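So this one's start_8.txt, compact mmCIF, C-alpha atoms:
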```txt
# COMPACT_ATOMS: atom_id res chain seq x y z
CA VAL W 1 0.00 0.00 0.00
CA ALA W 2 1.52 3.34 -1.03
CA VAL W 3 0.86 6.30 1.26
CA GLN W 4 1.87 9.82 0.22
CA ALA W 5 2.85 12.30 2.97
CA GLY W 6 1.82 15.90 2.51
CA GLY W 7 4.18 18.69 3.48
CA GLY W 8 1.47 21.03 4.71
CA GLY W 9 -0.56 18.59 6.75
CA GLY W 10 -3.65 19.18 4.52
CA GLY W 11 -5.77 17.16 2.07
CA GLY W 12 -2.95 14.92 0.88
CA ALA W 13 -3.04 12.88 4.10
CA PRO W 14 -4.89 9.55 3.89
CA LYS W 15 -7.80 8.85 6.18
CA PRO W 16 -7.51 6.32 8.99
CA ASP W 17 -10.19 4.17 7.29
CA ALA W 18 -7.97 3.81 4.24
CA LEU W 19 -5.27 2.33 6.50
CA ALA W 20 -7.59 0.23 8.60
CA HIS W 21 -6.32 -2.95 6.99
CA LEU W 22 -2.77 -2.10 8.15
CA SER W 23 -1.98 -3.68 11.49
CA MET W 24 1.30 -4.04 13.33
CA PRO W 25 2.44 -7.41 12.01
CA TYR W 26 4.10 -8.76 15.15
CA PRO W 27 4.42 -12.57 15.15
CA VAL W 28 2.15 -14.50 17.49
CA ALA W 29 3.64 -17.50 19.19
CA GLY W 30 2.02 -20.85 18.61
CA GLY W 31 0.14 -20.07 15.34
CA LYS W 32 1.16 -20.48 11.75
CA GLU W 33 -1.21 -17.77 10.52
CA GLY W 34 0.38 -15.18 12.86
CA GLU W 35 3.91 -15.86 11.70
CA VAL W 36 5.13 -12.99 9.56
CA LYS W 37 8.46 -12.55 7.93
CA LEU W 38 10.89 -9.98 9.30
CA ALA W 39 10.81 -7.93 6.07
CA GLU W 40 7.02 -7.65 6.19
CA MET W 41 7.16 -6.51 9.85
CA TYR W 42 9.59 -3.68 9.08
CA ALA W 43 7.51 -2.69 6.03
CA GLY W 44 4.41 -2.29 8.22
CA MET W 45 6.31 -0.18 10.75
CA LEU W 46 7.51 2.10 7.92
CA GLU W 47 3.94 2.60 6.68
CA TRP W 48 2.83 3.66 10.16
CA GLN W 49 5.69 6.18 10.36
CA ILE W 50 4.67 7.61 6.98
CA PHE W 51 1.06 7.93 8.20
CA ARG W 52 2.12 9.79 11.40
CA ALA W 53 4.37 12.12 9.39
CA ALA W 54 1.43 12.95 7.09
CA GLN W 55 -0.73 13.91 10.10
CA THR W 56 1.97 16.17 11.64
CA PRO W 57 1.92 19.82 10.40
CA GLY W 58 5.09 21.18 8.85
CA PRO W 59 6.69 24.66 9.07
CA GLY W 60 4.71 25.88 6.03
CA ALA W 61 1.36 25.02 7.62
CA TYR W 62 1.47 27.94 10.06
CA ASP W 63 0.32 31.49 9.20
CA LEU W 64 2.55 33.91 11.09
CA GLY W 65 1.21 37.07 9.53
CA LYS W 66 3.19 40.13 8.53
CA MET W 67 5.92 41.25 10.90
CA HIS W 68 6.06 45.01 11.66
CA LEU W 69 9.48 46.51 12.28
CA PRO W 70 9.79 49.09 15.10
CA LYS W 71 10.03 52.75 14.08
CA GLY W 72 12.32 55.40 15.49
CA GLY W 73 14.88 54.80 18.25
CA HIS W 74 18.66 55.34 18.37
CA PHE W 75 21.75 53.79 19.90
CA SER W 76 22.32 54.29 23.60
CA GLU W 77 24.85 56.97 24.58
CA PHE W 78 25.01 55.93 28.23
CA THR W 79 28.48 55.39 29.66
CA PRO W 80 28.39 52.65 32.31
CA LYS W 81 30.77 52.63 35.25
CA GLY W 82 33.87 50.47 35.06
CA TYR W 83 35.69 48.44 37.67
CA CYS W 84 37.78 51.43 38.72
CA ASP W 85 34.67 53.58 39.32
CA ASP W 86 33.15 50.85 41.47
CA ASP W 87 36.35 50.61 43.51
CA ILE W 88 36.41 54.38 44.05
CA LYS W 89 32.76 54.42 45.16
CA ARG W 90 33.36 51.51 47.53
CA ALA W 91 36.46 53.22 48.97
CA LEU W 92 34.54 56.49 49.54
CA THR W 93 31.84 54.70 51.48
CA THR W 94 34.24 52.54 53.55
CA PRO W 95 35.42 54.14 56.82
CA GLY W 96 39.15 54.53 57.31
CA PRO W 97 41.34 54.26 60.43
CA ALA W 98 40.82 57.95 61.33
CA ASP W 99 37.03 57.52 61.35
CA TYR W 100 37.13 55.35 64.46
CA PRO W 101 37.52 57.04 67.86
CA ALA W 102 40.80 56.27 69.60
CA PRO W 103 40.63 54.70 73.07
CA ARG W 104 41.40 57.05 75.93
CA MET W 105 44.78 56.21 77.44
CA PRO W 106 45.44 56.78 81.15
CA ALA W 107 47.57 59.82 81.89
CA MET W 108 51.11 59.21 83.18
CA SER W 109 52.68 61.42 85.85
CA GLY W 110 56.37 61.90 86.47
CA GLY W 111 59.15 59.96 84.78
CA ARG W 112 62.19 61.06 82.79
CA PHE W 113 64.40 59.83 80.01
CA SER W 114 67.02 57.25 80.94
CA THR W 115 70.60 58.53 81.28
CA GLY W 116 72.14 55.08 81.59
CA ASN W 117 75.16 54.00 79.53
CA PRO W 118 74.78 50.26 78.91
CA LYS W 119 77.73 48.17 77.85
CA SER W 120 78.22 47.41 74.20
CA GLU W 121 79.07 43.99 72.82
CA LEU W 122 82.78 44.81 72.88
CA ASP W 123 82.55 45.94 76.54
CA TRP W 124 80.92 42.65 77.49
CA ILE W 125 83.68 40.71 75.68
CA GLU W 126 86.34 42.65 77.59
CA LEU W 127 84.54 42.03 80.90
CA ARG W 128 84.31 38.29 80.30
CA ALA W 129 87.97 38.16 79.24
CA SER W 130 89.09 40.02 82.40
CA GLU W 131 87.19 37.58 84.62
CA THR W 132 88.47 34.44 82.85
CA PRO W 133 91.75 33.06 84.32
CA GLY W 134 94.75 32.80 81.99
CA PRO W 135 97.54 30.22 81.82
CA ALA W 136 99.69 32.15 84.31
CA ASP W 137 96.88 32.18 86.89
CA ILE W 138 96.87 28.37 87.18
CA HIS W 139 99.48 27.05 89.69
CA LEU W 140 101.03 23.74 88.62
CA PRO W 141 103.32 21.55 90.76
CA ARG W 142 107.04 22.14 90.17
CA HIS W 143 108.73 19.38 88.17
CA GLN W 144 112.20 18.12 89.15
CA LEU W 145 114.72 18.28 86.33
CA PRO W 146 116.87 15.14 85.77
CA HIS W 147 120.54 15.28 86.98
CA GLY W 148 123.61 14.12 85.04
CA GLY W 149 123.58 12.64 81.55
CA ARG W 150 125.43 13.61 78.36
CA PHE W 151 124.98 13.65 74.62
CA SER W 152 125.44 10.38 72.78
CA ARG W 153 128.67 9.89 70.80
CA ALA W 154 127.54 6.79 68.90
CA ASN W 155 128.07 6.53 65.15
CA PRO W 156 125.14 4.44 63.84
CA LYS W 157 125.19 2.89 60.37
CA SER W 158 123.51 4.71 57.52
CA ASP W 159 121.09 3.12 55.04
CA VAL W 160 123.86 2.36 52.55
CA GLU W 161 126.02 0.75 55.25
CA TRP W 162 123.13 -1.46 56.34
CA LEU W 163 122.61 -2.54 52.72
CA MET W 164 126.31 -3.41 52.43
CA TYR W 165 126.17 -5.33 55.72
CA ASN W 166 123.12 -7.37 54.66
CA ALA W 167 124.70 -8.12 51.28
CA ALA W 168 127.87 -9.38 52.98
CA GLN W 169 125.84 -11.76 55.16
CA MET W 170 123.99 -13.32 52.21
CA PRO W 171 125.64 -16.27 50.33
CA GLY W 172 126.63 -15.85 46.70
CA PRO W 173 126.51 -18.27 43.73
CA ALA W 174 130.01 -19.58 44.49
CA ASP W 175 129.03 -20.55 48.03
CA TYR W 176 126.80 -23.43 46.81
CA THR W 177 128.10 -27.03 46.08
CA VAL W 178 126.86 -28.39 42.75
CA ARG W 179 126.17 -32.17 42.75
CA PRO W 180 126.76 -34.27 39.61
CA PRO W 181 123.67 -35.34 37.69
CA PRO W 182 122.25 -38.84 38.35
CA PRO W 183 123.11 -41.65 35.87
CA PRO W 184 120.65 -42.23 33.02
CA PRO W 185 118.09 -45.02 33.46
CA PRO W 186 118.84 -48.42 31.84
CA LYS W 187 117.51 -49.06 28.35
CA VAL W 188 114.58 -51.45 28.04
CA SER W 189 114.33 -53.88 25.10
CA PRO W 190 111.20 -53.70 22.89
CA ARG W 191 110.56 -57.35 23.67
CA CYS W 192 109.70 -56.36 27.20
CA THR W 193 106.41 -54.90 25.98
CA ARG W 194 105.41 -58.22 24.41
CA ARG W 195 106.16 -60.26 27.56
CA ALA W 196 104.64 -57.88 30.07
CA ALA W 197 102.28 -60.63 31.26
CA ASP W 198 105.27 -62.76 32.45
CA PRO W 199 107.06 -60.98 35.36
CA ALA W 200 110.03 -63.40 35.31
CA SER W 201 110.79 -62.88 31.64
CA ALA W 202 110.44 -59.10 32.00
CA ALA W 203 112.93 -59.06 34.92
CA ALA W 204 115.37 -61.16 32.87
CA LEU W 205 115.23 -58.74 29.97
CA VAL W 206 115.83 -55.75 32.24
CA SER W 207 118.82 -57.34 33.96
CA ALA W 208 120.33 -58.51 30.64
CA PRO W 209 123.28 -56.39 29.34
CA ALA W 210 122.48 -54.09 26.47
```
Would you write out, as structure tokens, the structure that this file holds?
Amino acid sequence: VAVQAGGGGGGGAPKPDALAHLSMPYPVAGGKEGEVKLAEMYAGMLEWQIFRAAQTPGPGAYDLGKMHLPKGGHFSEFTPKGYCDDDIKRALTTPGPADYPAPRMPAMSGGRFSTGNPKSELDWIELRASETPGPADIHLPRHQLPHGGRFSRANPKSDVEWLMYNAAQMPGPADYTVRPPPPPPPKVSPRCTRRAADPASAAALVSAPA
């Protein structure tokens, strides 16, 4: 079923009786006649959306009438106050320290300025130094000096003399006895390797003259 939607919401809209045969084709469980394909279900939903759009008025369906522009008037020439003007006004209306009455202080009788001469830092250092005892103010017991004695007349060896003395005490190459080298071992016949299993034959071959 083709439904045309009108832009002005007027006579182009179909009547509800013309769409009475259109029903929301939702499937019903348990019946073969109520089973509808998914494409047919979405097609029915689209037809209902087209019908609702045809019943809704559009922007051109309203009559706004003729708009009348205002006559006369001019731009404002008023100069508003800025932040600085607001600060000045607030400062003029805020009381200052001189606007508050000072408390009445009790009157003082007598008195005079001090004529004292206090010590400076250097004077206090000198006073502490004069009251601190020095090395000469401490009495120590008198030590007895040793009697007798004389300066040593010994002539100790120097480093070179000690090196010469140590070298003289160490033996040199000629102080060792060289022993002659030991005699070479006796030659063994090759037949000894073949008769290694027989100890008697091997001993006879070793003791045999070369």
note - atom CA of Pro156 of chain W and atom CA of Ala168 of chain W are separated by 17.8 Å
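Between atom CA of Asp175 of chain W and atom CA of Asp159 of chain W lies a distance of 25.9 Å.
With atom CA of Leu92 of chain W on one side and atom CA of Ser76 of chain W on the other, the separation reads 28.8 Å.
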